[in-house]
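All remarks here apply to the structure that follows.
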Amino acid sequence: LAKTTQPISMDSYEGQEVNITCSHNNIATNDYITWYQQFPSQGPRFIIQGYKTKVTNEVASLFIPADRKSSTLSLPRVSLSDTAVYYCLVGDGPGNNRKLIWGLGTSLAVNP
Amino acid sequence: GAVVSQHPSRVICKSGTSVKIECRSLDFQATTMFWYRQFPKQSLMLMATSNEGSKATYEQGVEKDKFLINHASLTLSTLTVTSAHPEDSSFYICSASPSSSNTQYFGPGTRLTVL
């Protein structure tokens, strides 16, 4: 199972772009990279998922270099409501039997 | 789409009682669902993988006789905490994946408090 490493915490201000980088040196060929957001006392919310290069959706972008040993979640123009814990995960194989191992995540604090 | 619900959202019980938590995939079928536990300021810990029509697969250190999992249909999995004790107080979260997707979607969680 691929282990991930990400900063424990980050601080930012409203309106800034925030980039959170995650290392996953042992990622397997068939693993996808997925990022989740979690607010206190709520279940994690899916943000974005990718396999290689760049993926963009309405809330974030995900940058994955060619070697796939790291990935960067980019949040454009954060607001106070983006204060949450962000988790980077890689899967244990394809399909709906994937087992995800959760690290401590990155606690993002957005300040006014 | 891909909505997962949990019921109840919060439960308080006395020590020694059993508590059942339901996890439902509302708009998709899920052959596999996952059950997690999360203590304050800690990450999610996978407890077990729930497979429709077969026995659940438990992670090391998780007592299968204490945490009973039943996955009776493609949209419902239940976790029963038997003979609950105060140390079982935690936030329990389930997740499920549509068969056509690699993405896991999570329920809102259930806060269990055992007095």
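Labels for the structure tokens follow display order: chains A, B, ..., residues from 1 in each chain, ligands from 1.
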
Residues of chain A no more than 12 Å from chain B, counting only C-alpha atoms: send them over as an mmCIF file with N, CA and C atoms, in the first residue's frame.
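Result saved to selection05.cif:
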data_model
loop_
_atom_site.group_PDB
_atom_site.id
_atom_site.type_symbol
_atom_site.label_atom_id
_atom_site.label_comp_id
_atom_site.auth_asym_id
_atom_site.auth_seq_id
_atom_site.Cartn_x
_atom_site.Cartn_y
_atom_site.Cartn_z
ATOM 1 N N ILE A 8 1.742 18.908 7.758
ATOM 2 C CA ILE A 8 0.742 18.781 8.804
ATOM 3 C C ILE A 8 -0.225 19.962 8.783
ATOM 4 N N ASN A 30 -1.258 1.067 -11.170
ATOM 5 C CA ASN A 30 -2.693 1.218 -11.370
ATOM 6 C C ASN A 30 -3.379 2.093 -10.303
ATOM 7 N N ASP A 31 -2.595 2.765 -9.488
ATOM 8 C CA ASP A 31 -3.164 3.636 -8.453
ATOM 9 C C ASP A 31 -3.558 4.997 -9.009
ATOM 10 N N TYR A 32 -4.705 5.477 -8.571
ATOM 11 C CA TYR A 32 -5.118 6.845 -8.807
ATOM 12 C C TYR A 32 -4.802 7.681 -7.561
ATOM 13 N N ILE A 33 -4.711 8.969 -7.733
ATOM 14 C CA ILE A 33 -4.465 9.899 -6.631
ATOM 15 C C ILE A 33 -5.745 10.683 -6.388
ATOM 16 N N THR A 34 -6.188 10.655 -5.153
ATOM 17 C CA THR A 34 -7.455 11.303 -4.816
ATOM 18 C C THR A 34 -7.266 12.235 -3.633
ATOM 19 N N TRP A 35 -7.906 13.368 -3.690
ATOM 20 C CA TRP A 35 -7.869 14.340 -2.595
ATOM 21 C C TRP A 35 -9.270 14.518 -2.022
ATOM 22 N N TYR A 36 -9.300 14.567 -0.681
ATOM 23 C CA TYR A 36 -10.552 14.778 0.026
ATOM 24 C C TYR A 36 -10.412 15.980 0.966
ATOM 25 N N GLN A 37 -11.559 16.571 1.276
ATOM 26 C CA GLN A 37 -11.646 17.684 2.227
ATOM 27 C C GLN A 37 -12.530 17.222 3.375
ATOM 28 N N GLN A 38 -12.117 17.526 4.603
ATOM 29 C CA GLN A 38 -12.955 17.153 5.728
ATOM 30 C C GLN A 38 -13.097 18.305 6.702
ATOM 31 N N PHE A 39 -14.350 18.618 7.017
ATOM 32 C CA PHE A 39 -14.657 19.582 8.063
ATOM 33 C C PHE A 39 -14.889 18.811 9.365
ATOM 34 N N PRO A 40 -14.750 19.473 10.507
ATOM 35 C CA PRO A 40 -14.963 18.782 11.793
ATOM 36 C C PRO A 40 -16.331 18.124 11.874
ATOM 37 N N SER A 41 -16.343 16.905 12.376
ATOM 38 C CA SER A 41 -17.577 16.130 12.586
ATOM 39 C C SER A 41 -18.383 15.917 11.304
ATOM 40 N N GLN A 42 -17.687 15.839 10.178
ATOM 41 C CA GLN A 42 -18.335 15.501 8.919
ATOM 42 C C GLN A 42 -17.515 14.443 8.200
ATOM 43 N N GLY A 43 -18.161 13.716 7.311
ATOM 44 C CA GLY A 43 -17.426 12.764 6.502
ATOM 45 C C GLY A 43 -16.597 13.485 5.453
ATOM 46 N N PRO A 44 -15.513 12.868 4.993
ATOM 47 C CA PRO A 44 -14.693 13.492 3.947
ATOM 48 C C PRO A 44 -15.498 13.739 2.672
ATOM 49 N N ARG A 45 -15.146 14.815 1.999
ATOM 50 C CA ARG A 45 -15.814 15.170 0.740
ATOM 51 C C ARG A 45 -14.818 15.069 -0.390
ATOM 52 N N PHE A 46 -15.169 14.379 -1.445
ATOM 53 C CA PHE A 46 -14.306 14.232 -2.612
ATOM 54 C C PHE A 46 -14.044 15.590 -3.256
ATOM 55 N N ILE A 47 -12.760 15.850 -3.533
ATOM 56 C CA ILE A 47 -12.412 17.096 -4.221
ATOM 57 C C ILE A 47 -12.046 16.822 -5.672
ATOM 58 N N ILE A 48 -11.049 15.962 -5.869
ATOM 59 C CA ILE A 48 -10.527 15.756 -7.214
ATOM 60 C C ILE A 48 -9.735 14.467 -7.267
ATOM 61 N N GLN A 49 -9.657 13.890 -8.423
ATOM 62 C CA GLN A 49 -8.910 12.651 -8.615
ATOM 63 C C GLN A 49 -8.175 12.699 -9.952
ATOM 64 N N GLY A 50 -6.981 12.116 -9.969
ATOM 65 C CA GLY A 50 -6.222 12.098 -11.214
ATOM 66 C C GLY A 50 -5.276 10.926 -11.288
ATOM 67 N N TYR A 51 -4.763 10.683 -12.487
ATOM 68 C CA TYR A 51 -3.787 9.620 -12.674
ATOM 69 C C TYR A 51 -2.431 10.197 -13.109
ATOM 70 N N ALA A 84 -10.096 23.642 6.525
ATOM 71 C CA ALA A 84 -10.466 22.232 6.676
ATOM 72 C C ALA A 84 -9.184 21.403 6.674
ATOM 73 N N VAL A 85 -9.360 20.097 6.817
ATOM 74 C CA VAL A 85 -8.238 19.174 6.667
ATOM 75 C C VAL A 85 -8.323 18.556 5.279
ATOM 76 N N TYR A 86 -7.197 18.529 4.590
ATOM 77 C CA TYR A 86 -7.139 18.003 3.231
ATOM 78 C C TYR A 86 -6.281 16.732 3.219
ATOM 79 N N TYR A 87 -6.834 15.671 2.676
ATOM 80 C CA TYR A 87 -6.160 14.378 2.654
ATOM 81 C C TYR A 87 -5.807 14.003 1.221
ATOM 82 N N CYS A 88 -4.592 13.508 1.067
ATOM 83 C CA CYS A 88 -4.130 12.959 -0.207
ATOM 84 C C CYS A 88 -4.071 11.443 -0.049
ATOM 85 N N LEU A 89 -4.664 10.714 -0.974
ATOM 86 C CA LEU A 89 -4.645 9.257 -0.888
ATOM 87 C C LEU A 89 -4.341 8.627 -2.231
ATOM 88 N N VAL A 90 -3.693 7.490 -2.184
ATOM 89 C CA VAL A 90 -3.536 6.677 -3.385
ATOM 90 C C VAL A 90 -4.180 5.330 -3.099
ATOM 91 N N GLY A 91 -4.748 4.744 -4.116
ATOM 92 C CA GLY A 91 -5.523 3.533 -3.921
ATOM 93 C C GLY A 91 -4.702 2.276 -3.970
ATOM 94 N N ASP A 92 -5.363 1.215 -3.530
ATOM 95 C CA ASP A 92 -4.732 -0.109 -3.557
ATOM 96 C C ASP A 92 -5.387 -0.904 -4.664
ATOM 97 N N GLY A 93 -5.141 -0.501 -5.899
ATOM 98 C CA GLY A 93 -5.725 -1.208 -7.021
ATOM 99 C C GLY A 93 -6.961 -0.531 -7.566
ATOM 100 N N PRO A 94 -7.435 -0.925 -8.713
ATOM 101 C CA PRO A 94 -8.578 -0.270 -9.367
ATOM 102 C C PRO A 94 -9.905 -0.814 -8.871
ATOM 103 N N GLY A 95 -10.966 -0.189 -9.308
ATOM 104 C CA GLY A 95 -12.293 -0.705 -9.016
ATOM 105 C C GLY A 95 -12.793 -0.332 -7.646
ATOM 106 N N ASN A 96 -13.949 -0.842 -7.288
ATOM 107 C CA ASN A 96 -14.567 -0.417 -6.045
ATOM 108 C C ASN A 96 -14.151 -1.247 -4.845
ATOM 109 N N ASN A 97 -13.105 -2.012 -4.967
ATOM 110 C CA ASN A 97 -12.568 -2.705 -3.809
ATOM 111 C C ASN A 97 -11.300 -2.060 -3.285
ATOM 112 N N ARG A 98 -11.074 -0.847 -3.726
ATOM 113 C CA ARG A 98 -9.847 -0.186 -3.336
ATOM 114 C C ARG A 98 -9.854 0.137 -1.850
ATOM 115 N N LYS A 99 -8.784 -0.201 -1.164
ATOM 116 C CA LYS A 99 -8.646 0.112 0.241
ATOM 117 C C LYS A 99 -7.764 1.346 0.350
ATOM 118 N N LEU A 100 -8.235 2.346 1.040
ATOM 119 C CA LEU A 100 -7.492 3.585 1.172
ATOM 120 C C LEU A 100 -6.884 3.692 2.559
ATOM 121 N N ILE A 101 -5.628 4.070 2.631
ATOM 122 C CA ILE A 101 -4.952 4.282 3.897
ATOM 123 C C ILE A 101 -4.799 5.782 4.103
ATOM 124 N N TRP A 102 -5.306 6.262 5.212
ATOM 125 C CA TRP A 102 -5.355 7.681 5.474
ATOM 126 C C TRP A 102 -4.196 8.129 6.351
ATOM 127 N N GLY A 103 -3.524 9.178 5.907
ATOM 128 C CA GLY A 103 -2.518 9.823 6.745
ATOM 129 C C GLY A 103 -3.188 10.872 7.607
ATOM 130 N N LEU A 104 -2.384 11.756 8.166
ATOM 131 C CA LEU A 104 -2.908 12.796 9.057
ATOM 132 C C LEU A 104 -3.512 13.972 8.305
ATOM 133 N N GLY A 105 -3.216 14.074 7.019
ATOM 134 C CA GLY A 105 -3.762 15.176 6.254
ATOM 135 C C GLY A 105 -3.064 16.489 6.527
ATOM 136 N N THR A 106 -3.490 17.514 5.797
ATOM 137 C CA THR A 106 -2.959 18.863 5.976
ATOM 138 C C THR A 106 -4.076 19.745 6.500
ATOM 139 N N SER A 107 -3.857 20.326 7.653
ATOM 140 C CA SER A 107 -4.846 21.226 8.231
ATOM 141 C C SER A 107 -4.615 22.632 7.684
#

- prompt: Within 9 Å of Asp88 in chain B, counting only C-alpha atoms, which residues qualify if same-chain residues fewer than 2 places away don't, as JSON, numbers by chain?
  reply: {"B": [81, 84, 85, 86, 90, 112, 113, 114]}

field: Spatial neighbours of Val18 in chain A, 7 Å, only C-alpha atoms, chain gap at least 3 places, as a PyMOL selection string
entry: chain A and resi 74-76

query: Mind pulling up the distance from CA of Pro65 in chain A to CA of Tyr13 in chain A?
result: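 It comes out at 27.0 Å.
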
Within 10 Å of Lys66 in chain B using only C-alpha atoms, minus same-chain residues under 6 positions, as a ChimeraX atom specification: /B:18,79-84

- prompt: Could you name the residues that touch Arg24 in chain B at 7 Å or less, counting only C-alpha atoms, but leaving out those on the same chain fewer than 4 positions away, as a ChimeraX atom specification?
  reply: /B:4-6,75-77

- request: Do a neighbour search on Met47 in chain B at 7 Å with only C-alpha atoms, toss out local chain neighbours closer than 6 positions, and write the hits as a ChimeraX atom specification.
  value: /B:35-37,58-59,62

- prompt: Which one of A:Thr83, A:Thr53, A:Ser61, A:Ser70 sits closest to Ser9 in chain A if you count only C-alpha atoms?
  reply: A:Thr83

- request: Pick out the residues sitting within 7 Å of Asp11 in chain A, and hand them over as a VMD selection string; count only C-alpha atoms, and ignore anything fewer than 2 positions along from it in its own chain.
  value: chain A and resid 9 108 to 110

message: Considering only strand (DSSP E) as DSSP defines it on the backbone, what residues of range 24-96 of chain A qualify? List them as a PyMOL selection string.
response: chain A and resi 33-38+45-50+53-56+61-64+70-75+84-90
